[in-house]
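Text of work.txt (compact mmCIF, C-alpha atoms and all ligand atoms) as supplied:
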# COMPACT_ATOMS: atom_id res chain seq x y z
CA LYS J 1 0.00 0.00 0.00
CA THR J 2 1.25 3.43 -0.86
CA HIS J 3 0.21 4.30 2.66
CA ASN J 4 3.01 2.22 4.00
CA LEU J 5 5.19 5.00 2.81
CA CYS J 6 3.90 7.38 5.36
CA GLN J 7 4.26 4.85 8.09
CA GLY J 8 7.77 5.56 9.16
CA SER J 9 9.56 3.93 6.28
CA PRO J 10 13.31 3.43 6.58
CA LEU J 11 15.54 6.41 6.01
CA THR J 12 17.93 5.97 3.17
CA GLY J 13 20.82 7.83 1.67
CA SER J 14 22.39 10.78 3.30
CA SER J 15 21.51 13.45 0.78
CA THR J 16 17.80 12.82 0.41
CA SER J 17 15.50 13.53 3.30
CA PRO J 18 12.51 11.24 3.71
CA GLU J 19 10.28 14.28 3.25
CA ALA J 20 11.87 15.07 -0.12
CA CYS J 21 11.42 11.47 -1.29
CA TRP J 22 7.83 11.50 -0.16
CA ALA J 23 7.07 14.81 -1.87
CA SER J 24 8.56 13.68 -5.16
CA ALA J 25 6.70 10.37 -4.97
CA CYS J 26 3.45 12.25 -4.35
CA LYS J 27 4.01 14.62 -7.23
CA SER J 28 4.36 11.68 -9.54
CA ILE J 29 1.00 10.18 -8.55
CA GLY J 30 -0.45 9.29 -11.90
CA GLY J 31 -4.13 8.80 -11.29
CA ALA J 32 -4.87 11.76 -9.02
CA SER J 33 -7.38 14.10 -10.57
CA SER J 34 -6.42 17.71 -11.18
CA THR J 35 -9.20 18.87 -8.84
CA ILE J 36 -7.62 16.96 -5.99
CA LEU J 37 -4.13 18.17 -6.83
CA SER J 38 -5.22 21.80 -7.07
CA ALA J 39 -7.01 21.58 -3.71
CA LEU J 40 -3.93 20.10 -2.08
CA VAL J 41 -2.41 22.57 0.37
CA ASP J 42 0.32 20.43 1.89
CA ILE J 43 1.93 17.01 1.90
CA ARG J 44 3.50 15.63 5.08
CA LEU J 45 5.42 12.52 5.95
CA VAL J 46 4.19 11.29 9.30
CA SER J 47 3.93 8.14 11.31
CA ALA J 48 0.96 8.16 13.60
CA LYS J 49 2.30 4.94 15.06
CA THR J 50 5.75 6.21 16.01
CA GLY J 51 4.87 9.89 16.30
CA TYR J 52 7.30 10.95 13.57
CA GLY J 53 6.26 14.30 12.07
CA MET J 54 3.20 14.49 14.31
CA GLU J 55 4.11 17.63 16.27
CA GLY J 56 4.86 19.35 12.96
CA LEU J 57 1.50 18.21 11.60
CA VAL J 58 -0.31 19.55 14.66
CA SER J 59 1.40 22.94 14.27
CA ARG J 60 0.53 22.95 10.58
CA LEU J 61 -3.12 22.13 11.27
CA GLN J 62 -3.27 24.86 13.89
CA ARG J 63 -1.98 27.42 11.41
CA SER J 64 -5.02 26.61 9.25
CA TRP J 65 -7.44 27.15 12.11
CA LYS J 66 -8.94 30.33 10.65
CA CYS J 67 -9.95 28.76 7.35
CA ALA J 68 -10.90 25.30 8.51
CA GLY J 69 -14.18 23.83 9.74
CA ASP J 70 -14.56 20.26 10.94
CA VAL J 71 -11.85 17.81 10.00
CA TYR J 72 -12.42 14.36 8.50
CA LEU J 73 -9.75 11.69 8.25
CA LEU J 74 -10.31 10.08 4.86
CA GLY J 75 -8.57 7.33 2.95
CA ALA J 76 -8.55 3.70 2.03
CA THR J 77 -9.22 1.16 4.76
CA ASN J 78 -6.03 0.28 6.54
CA SER J 79 -4.25 3.48 5.61
CA GLY J 80 -3.90 4.38 9.28
CA LYS J 81 -6.75 6.84 9.87
CA SER J 82 -7.71 5.46 13.26
CA THR J 83 -4.11 5.39 14.40
CA LEU J 84 -3.79 9.01 13.30
CA PHE J 85 -7.02 9.84 15.13
CA ASN J 86 -5.70 8.29 18.33
CA THR J 87 -2.39 10.12 18.10
CA LEU J 88 -4.12 13.45 17.44
CA LEU J 89 -6.43 12.74 20.36
CA ARG J 90 -3.42 12.61 22.65
CA SER J 91 -1.80 15.71 21.17
CA ASP J 92 -2.21 19.47 21.45
CA TYR J 93 -4.70 19.29 18.58
CA CYS J 94 -7.40 18.04 20.90
CA LYS J 95 -9.18 19.94 23.67
CA SER J 96 -7.34 19.29 26.86
CA ARG J 97 -9.87 17.20 28.69
CA ALA J 98 -11.15 15.22 25.75
CA PRO J 99 -8.58 12.38 25.73
CA ASP J 100 -9.81 11.32 29.15
CA ILE J 101 -13.42 11.41 28.04
CA ILE J 102 -13.30 9.96 24.54
CA ASP J 103 -12.68 6.35 23.67
CA ARG J 104 -9.81 5.42 21.42
CA ALA J 105 -10.65 4.37 17.90
CA THR J 106 -10.24 0.69 17.13
CA VAL J 107 -7.02 0.03 15.28
CA SER J 108 -7.02 -3.25 13.50
CA PRO J 109 -5.09 -4.89 10.69
CA TRP J 110 -8.35 -6.27 9.37
CA PRO J 111 -9.80 -3.88 6.76
CA GLY J 112 -12.97 -2.04 7.59
CA THR J 113 -13.09 -2.66 11.32
CA THR J 114 -13.83 0.88 12.38
CA LEU J 115 -17.45 0.33 13.29
CA ASN J 116 -18.39 3.26 15.44
CA LEU J 117 -17.24 6.61 14.18
CA LEU J 118 -15.53 8.72 16.75
CA LYS J 119 -14.84 12.39 17.00
CA PHE J 120 -13.04 14.75 19.33
CA PRO J 121 -13.28 18.51 19.77
CA ILE J 122 -10.36 20.44 18.27
CA ILE J 123 -8.69 23.00 20.51
CA ASN J 124 -8.81 26.64 19.49
CA PRO J 125 -5.16 27.62 19.04
CA THR J 126 -5.15 31.02 20.71
CA CYS J 127 -1.95 33.10 20.73
CA ASP J 128 -1.32 32.20 24.33
CA ARG J 129 -1.69 28.49 23.67
CA ILE J 130 0.56 28.61 20.63
CA PHE J 131 3.19 30.38 22.71
CA ARG J 132 3.00 27.84 25.52
CA ARG J 133 3.10 25.00 23.02
CA GLN J 134 6.22 26.39 21.36
CA GLU J 135 7.91 26.73 24.72
CA ARG J 136 7.19 23.09 25.46
CA LEU J 137 8.40 21.93 22.04
CA LYS J 138 11.66 23.86 22.53
CA GLU J 139 12.15 22.31 25.93
CA GLU J 140 11.44 18.80 24.64
CA ALA J 141 13.82 19.14 21.70
CA ALA J 142 16.64 20.21 24.02
CA LYS J 143 16.44 16.98 26.01
CA THR J 144 18.80 14.09 25.42
CA GLU J 145 17.76 10.47 25.70
CA ASP J 146 19.47 10.25 29.10
CA GLN J 147 17.19 12.94 30.43
CA LEU J 148 14.06 10.96 29.74
CA SER J 149 12.35 8.98 32.44
CA ILE J 150 12.73 5.21 32.44
CA GLU J 151 9.18 4.86 31.17
CA GLU J 152 9.75 7.32 28.35
CA LYS J 153 12.93 5.50 27.33
CA LYS J 154 11.13 2.19 27.33
CA TYR J 155 8.35 3.64 25.22
CA LEU J 156 10.86 5.16 22.81
CA ASN J 157 12.57 1.81 22.30
CA GLN J 158 9.23 0.21 21.64
CA LEU J 159 8.52 2.86 18.98
CA LYS J 160 11.89 2.21 17.37
CA LYS J 161 10.87 -1.40 16.84
CA GLN J 162 7.76 -0.22 15.02
CA GLY J 163 9.50 2.19 12.67
CA TYR J 164 12.81 3.87 12.01
CA LEU J 165 11.50 7.41 12.10
CA VAL J 166 10.29 8.26 15.54
CA GLY J 167 8.88 11.39 17.12
CA ARG J 168 7.69 12.14 20.62
CA VAL J 169 4.20 13.56 20.84
CA GLY J 170 3.47 15.53 23.98
CA ARG J 171 0.74 17.64 25.47
CA THR J 172 1.00 21.21 26.65
CA PHE J 173 -2.38 21.79 28.18
CA GLN J 174 -2.71 18.79 30.42
CA GLN J 175 -5.42 19.25 33.00
CA GLN J 176 -5.14 18.18 36.57
CA LYS J 177 -6.71 14.76 36.88
CA SER J 178 -9.89 15.14 38.87
CA SER J 179 -10.02 12.97 41.93
CA THR J 180 -13.57 11.85 41.32
CA GLU J 181 -14.19 9.20 38.71
CA ILE J 182 -15.83 10.64 35.61
CA ASP J 183 -18.99 8.84 34.77
CA PHE J 184 -19.00 9.24 31.03
CA ASP J 185 -20.21 6.99 28.28
CA PRO J 186 -17.83 7.27 25.33
CA ASP J 187 -20.54 6.01 22.98
CA MET J 188 -22.19 9.39 23.42
CA LEU J 189 -19.56 10.80 21.12
CA SER J 190 -19.87 8.29 18.36
CA TYR J 191 -22.52 8.56 15.75
CA SER J 192 -23.93 6.07 13.34
CA MET J 193 -23.84 6.47 9.57
CA ASP J 194 -27.33 7.91 9.22
CA GLU J 195 -26.95 10.60 11.82
CA ASP J 196 -25.84 14.03 10.76
CA PRO J 197 -22.40 14.52 12.26
CA ARG J 198 -23.05 18.25 12.50
CA ASP J 199 -25.88 17.58 14.86
CA PRO J 200 -24.30 15.54 17.66
CA PRO J 201 -26.54 13.62 20.03
CA LYS J 202 -28.38 16.12 22.19
CA LYS J 203 -27.58 14.18 25.32
CA HIS J 204 -24.05 15.26 25.47
CA GLU J 205 -24.94 18.89 26.10
CA GLU J 206 -26.42 17.74 29.38
CA ARG J 207 -23.16 16.07 30.33
CA GLU J 208 -21.09 18.27 32.50
CA GLU J 209 -17.78 16.69 31.52
CA PHE J 210 -17.60 19.03 28.58
CA THR J 211 -18.71 22.50 29.57
CA HIS J 212 -21.19 24.35 27.45
CA ASN J 213 -18.40 26.56 26.17
CA GLU J 214 -16.27 23.61 25.23
CA VAL J 215 -18.76 22.18 22.76
CA LYS J 216 -20.79 25.26 21.79
CA ASP J 217 -18.64 26.36 18.87
CA ALA J 218 -16.42 23.31 18.83
CA ARG J 219 -14.93 22.05 15.65
CA TRP J 220 -14.64 18.31 15.51
CA CYS J 221 -12.13 15.86 14.14
CA PHE J 222 -13.81 12.69 12.82
CA ASP J 223 -12.45 9.23 12.17
CA THR J 224 -14.17 7.51 9.21
CA PRO J 225 -14.39 3.87 8.07
CA GLY J 226 -12.63 4.62 4.79
CA ILE J 227 -12.95 3.37 1.27
CA VAL J 228 -12.37 -0.24 0.29
CA LYS J 229 -9.94 -0.58 -2.61
CA GLU J 230 -11.32 -3.12 -5.04
CA ASP J 231 -7.98 -4.19 -6.46
CA CYS J 232 -6.22 -4.76 -3.15
CA VAL J 233 -4.68 -8.16 -2.47
CA LEU J 234 -5.80 -7.99 1.17
CA ASN J 235 -9.37 -8.54 -0.01
CA LEU J 236 -8.33 -12.03 -1.13
CA LEU J 237 -6.77 -13.01 2.17
CA THR J 238 -7.97 -14.54 5.42
CA GLU J 239 -7.51 -12.74 8.71
CA LYS J 240 -4.52 -14.92 9.59
CA GLU J 241 -2.90 -14.18 6.24
CA VAL J 242 -3.51 -10.44 6.55
CA LYS J 243 -1.66 -10.51 9.88
CA LEU J 244 1.42 -11.89 8.15
CA VAL J 245 1.22 -9.49 5.21
CA LEU J 246 0.75 -6.25 7.11
CA PRO J 247 3.98 -5.36 8.86
CA SER J 248 3.70 -4.86 12.59
CA HIS J 249 7.40 -4.16 13.03
CA ALA J 250 9.85 -1.91 11.20
CA ILE J 251 10.58 -3.50 7.83
CA VAL J 252 14.11 -4.81 7.32
CA PRO J 253 14.98 -4.42 3.63
CA ARG J 254 16.10 -7.65 1.94
CA THR J 255 18.34 -7.25 -1.12
CA PHE J 256 19.09 -9.91 -3.73
CA ILE J 257 21.32 -9.81 -6.78
CA LEU J 258 19.72 -11.40 -9.81
CA LYS J 259 21.09 -12.28 -13.22
CA PRO J 260 18.88 -12.37 -16.30
CA GLY J 261 16.92 -15.60 -16.23
CA MET J 262 16.27 -15.46 -12.50
CA VAL J 263 12.98 -15.08 -10.67
CA LEU J 264 12.04 -13.64 -7.29
CA PHE J 265 8.89 -14.63 -5.39
CA LEU J 266 7.43 -12.59 -2.56
CA ALA J 267 5.41 -15.20 -0.67
CA ALA J 268 2.96 -16.56 -3.25
CA LEU J 269 1.57 -13.08 -3.76
CA GLY J 270 4.08 -11.58 -6.16
CA ARG J 271 6.70 -12.64 -8.64
CA ILE J 272 9.32 -10.73 -10.64
CA ASP J 273 11.19 -12.29 -13.57
CA TYR J 274 14.42 -10.72 -14.76
CA LEU J 275 14.03 -11.56 -18.44
CA GLU J 276 16.58 -9.49 -20.35
CA GLY J 277 19.59 -7.39 -19.43
CA GLU J 278 23.39 -7.41 -19.66
CA LYS J 279 24.48 -7.33 -16.04
CA PRO J 280 23.13 -8.44 -12.69
CA ALA J 281 20.72 -6.09 -10.94
CA TRP J 282 19.69 -5.61 -7.31
CA PHE J 283 16.17 -6.26 -6.09
CA SER J 284 15.37 -4.91 -2.64
CA VAL J 285 12.22 -6.29 -1.07
CA LEU J 286 10.24 -4.02 1.27
CA ALA J 287 7.55 -6.14 2.80
CA SER J 288 6.57 -7.63 6.11
CA ASN J 289 9.55 -9.47 7.59
CA LEU J 290 7.27 -12.48 8.02
CA LEU J 291 6.80 -12.98 4.27
CA PRO J 292 9.38 -15.29 2.72
CA VAL J 293 11.31 -14.34 -0.41
CA HIS J 294 12.33 -17.15 -2.72
CA VAL J 295 14.74 -16.85 -5.65
CA THR J 296 14.86 -19.41 -8.42
CA THR J 297 15.44 -19.73 -12.16
CA LEU J 298 12.97 -19.11 -14.96
CA SER J 299 12.90 -22.75 -15.92
CA ASN J 300 11.99 -23.85 -12.39
CA ALA J 301 9.66 -21.00 -11.42
CA ASP J 302 6.30 -22.48 -12.42
CA THR J 303 6.95 -25.86 -10.81
CA ILE J 304 8.33 -24.20 -7.68
CA TYR J 305 5.23 -22.03 -7.36
CA GLU J 306 2.97 -25.02 -7.65
CA LYS J 307 4.97 -27.20 -5.30
CA HIS J 308 5.68 -24.53 -2.73
CA THR J 309 2.11 -23.26 -2.54
CA ALA J 310 0.86 -26.82 -2.14
CA GLN J 311 3.26 -27.32 0.78
CA GLU J 312 2.83 -23.82 2.22
CA PHE J 313 6.53 -23.00 1.83
CA LEU J 314 5.63 -19.53 0.64
CA LYS J 315 3.46 -19.01 3.73
CA VAL J 316 0.72 -16.84 2.18
CA PRO J 317 -1.84 -17.98 1.10
CA MET J 318 -2.08 -20.65 3.77
CA GLY J 319 -3.96 -23.87 3.27
CA GLY J 320 -2.13 -25.74 0.54
CA GLU J 321 -3.70 -27.13 -2.60
CA GLU J 322 -7.27 -26.68 -1.43
CA ARG J 323 -6.74 -22.99 -0.75
CA MET J 324 -4.87 -22.46 -4.04
CA LYS J 325 -7.80 -23.87 -6.03
CA GLU J 326 -9.87 -20.85 -5.10
CA PHE J 327 -6.97 -18.36 -5.16
CA PRO J 328 -6.63 -16.32 -8.37
CA PRO J 329 -3.62 -17.14 -10.57
CA LEU J 330 -0.69 -14.73 -10.91
CA VAL J 331 -0.99 -12.54 -14.00
CA PRO J 332 2.04 -10.98 -15.70
CA GLN J 333 2.86 -7.45 -16.80
CA ASP J 334 6.02 -6.54 -18.72
CA ILE J 335 8.14 -3.66 -17.44
CA THR J 336 11.14 -2.00 -19.08
CA LEU J 337 13.52 0.06 -16.96
CA LYS J 338 16.78 1.87 -17.56
CA GLY J 339 19.31 1.75 -14.72
CA ILE J 340 20.79 4.91 -13.23
CA GLY J 341 23.65 3.49 -11.17
CA THR J 342 24.61 0.83 -8.68
CA THR J 343 23.57 2.76 -5.59
CA GLU J 344 20.34 4.39 -6.74
CA ALA J 345 17.16 2.50 -7.55
CA VAL J 346 15.37 3.33 -10.78
CA ALA J 347 11.85 2.28 -9.75
CA ASP J 348 9.71 0.45 -7.24
CA ILE J 349 7.53 -2.40 -8.36
CA LYS J 350 4.57 -2.34 -6.03
CA LEU J 351 2.95 -5.76 -5.66
CA SER J 352 -0.47 -4.58 -4.51
CA SER J 353 -0.43 -4.35 -0.69
CA ALA J 354 2.00 -7.22 -0.24
CA GLY J 355 4.98 -4.87 -0.49
CA TRP J 356 7.30 -3.43 -3.09
CA VAL J 357 10.60 -4.24 -4.74
CA ALA J 358 13.08 -1.46 -5.49
CA VAL J 359 15.13 -2.20 -8.62
CA THR J 360 18.72 -0.94 -8.81
CA ALA J 361 20.71 -1.44 -12.01
CA HIS J 362 23.93 -0.23 -13.63
CA ALA J 363 23.70 3.14 -15.37
CA GLU J 364 22.21 2.96 -18.88
CA GLU J 365 21.51 -0.74 -18.42
CA GLU J 366 18.21 -1.69 -20.05
CA LEU J 367 16.16 -4.26 -18.21
CA LEU J 368 13.16 -6.23 -19.28
CA LEU J 369 11.20 -7.52 -16.31
CA ARG J 370 7.95 -9.37 -15.99
CA ALA J 371 6.09 -8.82 -12.73
CA TYR J 372 3.08 -10.76 -11.49
CA THR J 373 0.35 -10.19 -8.92
CA PRO J 374 -2.80 -12.26 -8.27
CA LYS J 375 -5.51 -11.65 -10.87
CA GLY J 376 -7.60 -8.60 -10.06
CA THR J 377 -5.00 -6.90 -7.87
CA ALA J 378 -2.97 -3.83 -8.68
CA LEU J 379 0.60 -3.91 -9.92
CA VAL J 380 2.15 -0.46 -10.01
CA VAL J 381 5.53 0.77 -11.21
CA ARG J 382 6.53 3.75 -9.09
CA GLU J 383 9.08 5.96 -10.75
CA PRO J 384 10.94 7.63 -9.09
CA PRO J 385 11.17 5.11 -6.26
CA LEU J 386 10.28 6.08 -2.74
CA LEU J 387 13.55 4.99 -1.12
CA PRO J 388 16.18 5.32 -3.86
CA TYR J 389 19.20 4.25 -1.76
CA ILE J 390 17.56 1.32 -0.04
CA SER J 391 19.81 -1.30 -1.72
CA THR J 392 22.84 0.17 0.04
CA ILE J 393 21.37 -0.84 3.40
CA ARG J 394 22.66 -4.39 3.34
CA GLY J 395 25.37 -6.55 4.84
CA ALA J 396 27.81 -8.90 3.11
CA ARG J 397 26.77 -11.25 0.33
CA ILE J 398 25.84 -14.68 1.64
CA PRO J 399 28.25 -16.97 -0.26
CA GLY J 400 26.71 -19.25 -2.81
CA THR J 401 23.35 -17.45 -2.78
CA PRO J 402 21.90 -14.36 -4.45
CA ALA J 403 21.10 -12.91 -1.00
CA TYR J 404 22.86 -10.32 1.12
CA ARG J 405 22.83 -10.29 4.87
CA THR J 406 20.26 -7.84 6.13
CA LYS J 407 21.01 -4.69 8.03
CA LYS J 408 18.62 -2.56 10.02
CA PRO J 409 18.53 1.06 8.96
CA PRO J 410 19.51 3.37 11.83
CA SER J 411 16.57 4.84 13.67
CA PHE J 412 16.11 8.53 14.08
CA VAL J 413 14.20 10.39 16.78
CA GLU J 414 13.27 13.77 15.41
CA ASN J 415 12.76 15.82 18.56
CA LEU J 416 15.54 14.63 20.77
CA ARG J 417 19.04 16.07 21.08
CA THR J 418 21.66 13.52 20.12
CA THR J 419 24.69 13.30 22.32
CA GLY J 420 28.17 12.74 20.94
CA SER J 421 28.27 9.21 22.24
CA ARG J 422 25.36 7.97 20.12
N1 LIG K 1 4.18 1.40 10.85
C1 LIG K 1 3.03 2.05 10.92
N2 LIG K 1 1.89 1.36 10.97
C2 LIG K 1 0.74 2.04 11.03
C3 LIG K 1 0.69 3.47 11.03
N3 LIG K 1 -0.61 3.85 11.08
C4 LIG K 1 -1.32 2.73 11.12
N4 LIG K 1 -0.53 1.64 11.10
C5 LIG K 1 -0.95 0.22 11.14
O1 LIG K 1 -1.79 -0.01 10.01
C6 LIG K 1 -2.90 -0.84 10.37
C7 LIG K 1 -4.20 -0.15 10.05
O2 LIG K 1 -4.34 1.01 10.85
P1 LIG K 1 -5.73 1.71 11.18
O3 LIG K 1 -5.40 2.95 11.93
O4 LIG K 1 -6.69 0.74 11.81
O5 LIG K 1 -6.22 2.08 9.71
P2 LIG K 1 -7.66 2.60 9.22
O6 LIG K 1 -8.35 1.39 8.65
O7 LIG K 1 -7.36 3.61 8.15
O8 LIG K 1 -8.37 3.19 10.40
C8 LIG K 1 -2.73 -1.14 11.86
O9 LIG K 1 -2.13 -2.40 11.99
C9 LIG K 1 -1.82 -0.04 12.35
O10 LIG K 1 -1.05 -0.45 13.47
C10 LIG K 1 1.93 4.18 10.96
O11 LIG K 1 1.98 5.40 10.95
N5 LIG K 1 3.06 3.42 10.91
MG MG K 2 -10.19 2.81 11.20

Go ahead and express the file in the form of structure tokens.
Ligand SMILES: Nc1nc2c(ncn2[C@@H]2O[C@H](COP(=O)(O)OP(=O)(O)O)[C@@H](O)[C@H]2O)c(=O)[nH]1
Ligand SMILES: [Mg+2]
Amino acid sequence: KTHNLCQGSPLTGSSTSPEACWASACKSIGGASSTILSALVDIRLVSAKTGYGMEGLVSRLQRSWKCAGDVYLLGATNSGKSTLFNTLLRSDYCKSRAPDIIDRATVSPWPGTTLNLLKFPIINPTCDRIFRRQERLKEEAAKTEDQLSIEEKKYLNQLKKQGYLVGRVGRTFQQQKSSTEIDFDPDMLSYSMDEDPRDPPKKHEEREEFTHNEVKDARWCFDTPGIVKEDCVLNLLTEKEVKLVLPSHAIVPRTFILKPGMVLFLAALGRIDYLEGEKPAWFSVLASNLLPVHVTTLSNADTIYEKHTAQEFLKVPMGGEERMKEFPPLVPQDITLKGIGTTEAVADIKLSSAGWVAVTAHAEEELLLRAYTPKGTALVVREPPLLPYISTIRGARIPGTPAYRTKKPPSFVENLRTTGSR
């Protein structure tokens, strides 16, 4: 999923910032209509899961306060709307008392699981609040890792496992916790599809947890169930399979060197044949670490696919021959690429939502590839690639195989002062 890109993807190369890569990838979006593009006011690389870019996003949203009304989080199912909602709920974007009152949105790897729509009131960013927020951000950014509490450090390390780009999201306007238990039903703030979101349930005006002033002119931020993409491979998978395909941990890139005549399988969900070319080329797989990659030759590929899927060696789909009978066959698409150098990828081949493969080839080298995804799912060639230097993040070649040892990209915490020793 393209959305993976904004989920704290690994940093690559020293000269290109992840933001720059993201912006250039967005500009090259083919199918976006001109109406959408002309209405676009900003593009941001964030990870709601690790907090990367979130404080910047909150500041950006607050600068638009004067021209904005209610805010809706839109996008395909599984793009991370509910995670974003939850992170915003715990940030300075939300009215100070609301996080204690409002239920978290359900985050689930299973598409379309956001059943009850939630909303929270957005804080009015007055001059005083903006000033206090900036003071806090300055203070936070001056801290070093050693100055964090044990809990904060633990949390930070947990975030690093989930993504390489990490940010700490804090709150400036924390209220004193009231000593009495608040008797509040979070369902009051959810609405069903046929209710007008602009006309929230009357009951909650009688609740004293939000004061009259707090909700009177409030603007709301809504989570939504999202749009189901018809051509997404996840639609073909069982819940167990989806759990393997969607990465829950930071992806470790896996690079292979292939000669013409070789084939790479990503689980049983994608296949790339290197048909014609002069020299070997590098194929870097960015997909859930739980999905196996198998390299073979053209002459063996079909038999391997059949045998391996029957014996579940390729892990997804699960269920052997029986399962494969009902699973759509892989369909091919030819791709021609021209290499730009041994350290910079020329394109990403996106195998629906199973992941993508960055292709790096010698300068001027012409490659003919044939890529496959299950029938009815989207195969996209993304040029320029999202992470052009990803193939350089690898260890030594494993002798006698086309594989390199893997290497974790270094993680980066955006709002933390690095000490010399790190
Ligand atoms: N790595 C990473 N994963 C994310 C991020 N946002 C969401 N996810 C994961 O993507 C999956 C779908 O997220 P969810 O918020 O339920 O998406 P929704 O269907 O759009 O509401 C969950 O497994 C999340 O943990 C992110 O910023 N980074
Ligand atoms: Mg959701």

Shell of 12 Å around Thr126 (chain J), all atoms listed in the file, local chain residues under 6 positions omitted, as a PyMOL selection string = chain J and resi 62-63+65-66+92-93+132-133

Please provide as a ChimeraX atom specification all residues within 7 Å of region 231-239 of chain J, with the sequence filter that same-chain residues fewer than 2 positions apart are discarded (counting all atoms listed in the file).
-> /J:110,229,241-243,352-353,376-378

Please produce a file of those selected residues containing C-alpha atoms, as a tab-separated table (two decimals), in the coordinates of the input.
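As written to disk, again06.tsv reads:
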chain	number	residue	atom	x	y	z
J	110	TRP	CA	-8.35	-6.27	9.37
J	229	LYS	CA	-9.94	-0.58	-2.61
J	241	GLU	CA	-2.90	-14.18	6.24
J	242	VAL	CA	-3.51	-10.44	6.55
J	243	LYS	CA	-1.66	-10.51	9.88
J	352	SER	CA	-0.47	-4.58	-4.51
J	353	SER	CA	-0.43	-4.35	-0.69
J	376	GLY	CA	-7.60	-8.60	-10.06
J	377	THR	CA	-5.00	-6.90	-7.87
J	378	ALA	CA	-2.97	-3.83	-8.68

Smallest atom-to-atom distance to ligand MG 2 (chain K): which of J:Val169, J:Leu118, J:Val71, J:Val58, using all atoms listed in the file?
-> J:Leu118

From J:Leu89, J:Ile349, J:Met54, J:Ile227, residue lying nearest ligand MG 2 (chain K) [all atoms listed in the file] | J:Ile227

Can you tell me how far CA of Leu314 (chain J) sits from CA of Tyr389 (chain J), in Å to one decimal?
-> 27.5 Å

Can you work out which one of J:Leu74, J:Ala268, J:Leu337, J:Val346 has the shortest atom-to-atom distance to Met324 (chain J), counting only C-alpha atoms?
->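 The closest residue to Met324 (chain J) is J:Ala268.
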
Within 9 Å of Gly56 (chain J), counting all atoms listed in the file, which residues show up once you throw out same-chain ones fewer than 4 positions away? Write them as a list in words, please.
->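 Result of the neighbour search: Arg44, Val46, Tyr52, Arg60 and Leu61 of chain J.
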
Grab the CA of Pro388 (chain J) to CA of Thr360 (chain J) distance for me, in Å with one decimal place.
->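 These atoms are spaced 8.4 Å apart.
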
Tell me, in Å to one decimal, how far CA of Ser59 (chain J) is from CA of Leu137 (chain J).
-> 10.5 Å

Proximity to ligand MG 2 (chain K) - best of J:Glu135, J:Glu152, J:Asp42, J:Asp223, all atoms listed in the file =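 Counting all atoms listed in the file, the residue closest to ligand MG 2 (chain K) is J:Asp223.
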
Go through J:Leu246, J:Tyr72, J:Ile123, J:Asp128 one by one, measure the shortest atom-to-atom distance of each to ligand LIG 1 (chain K) using all atoms listed in the file, and give the residue with the smallest value.
->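 So, comparing all the options, the nearest one is J:Leu246.
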
Residues within 12 Å of Leu244 (chain J), all atoms listed in the file, excluding chain neighbours under 3 positions, as a PyMOL selection string | chain J and resi 109-110+234+237-241+247-249+267+269+287-292+314-318+353-355

Nearest to ligand LIG 1 (chain K), restricted to all atoms listed in the file and choosing among J:Ala39, J:Ile393, J:Ile150, J:Leu165, comes out as J:Leu165

What lies within 10 Å of region 396-398 of chain J using all atoms listed in the file, ignoring chain neighbours under 5 positions off, as number ranges by chain?
-> J: 255-257, 403-407

If you take every atom of region 355-374 of chain J that the file lists and fit an axis-aligned box around them with 6 Å extra on each side, what centre and edge lengths come out in Å to one decimal, as AutoDock Vina command-line options?
--center_x 10.6 --center_y -4.6 --center_z -10.3 --size_x 38.7 --size_y 27.4 --size_z 31.6
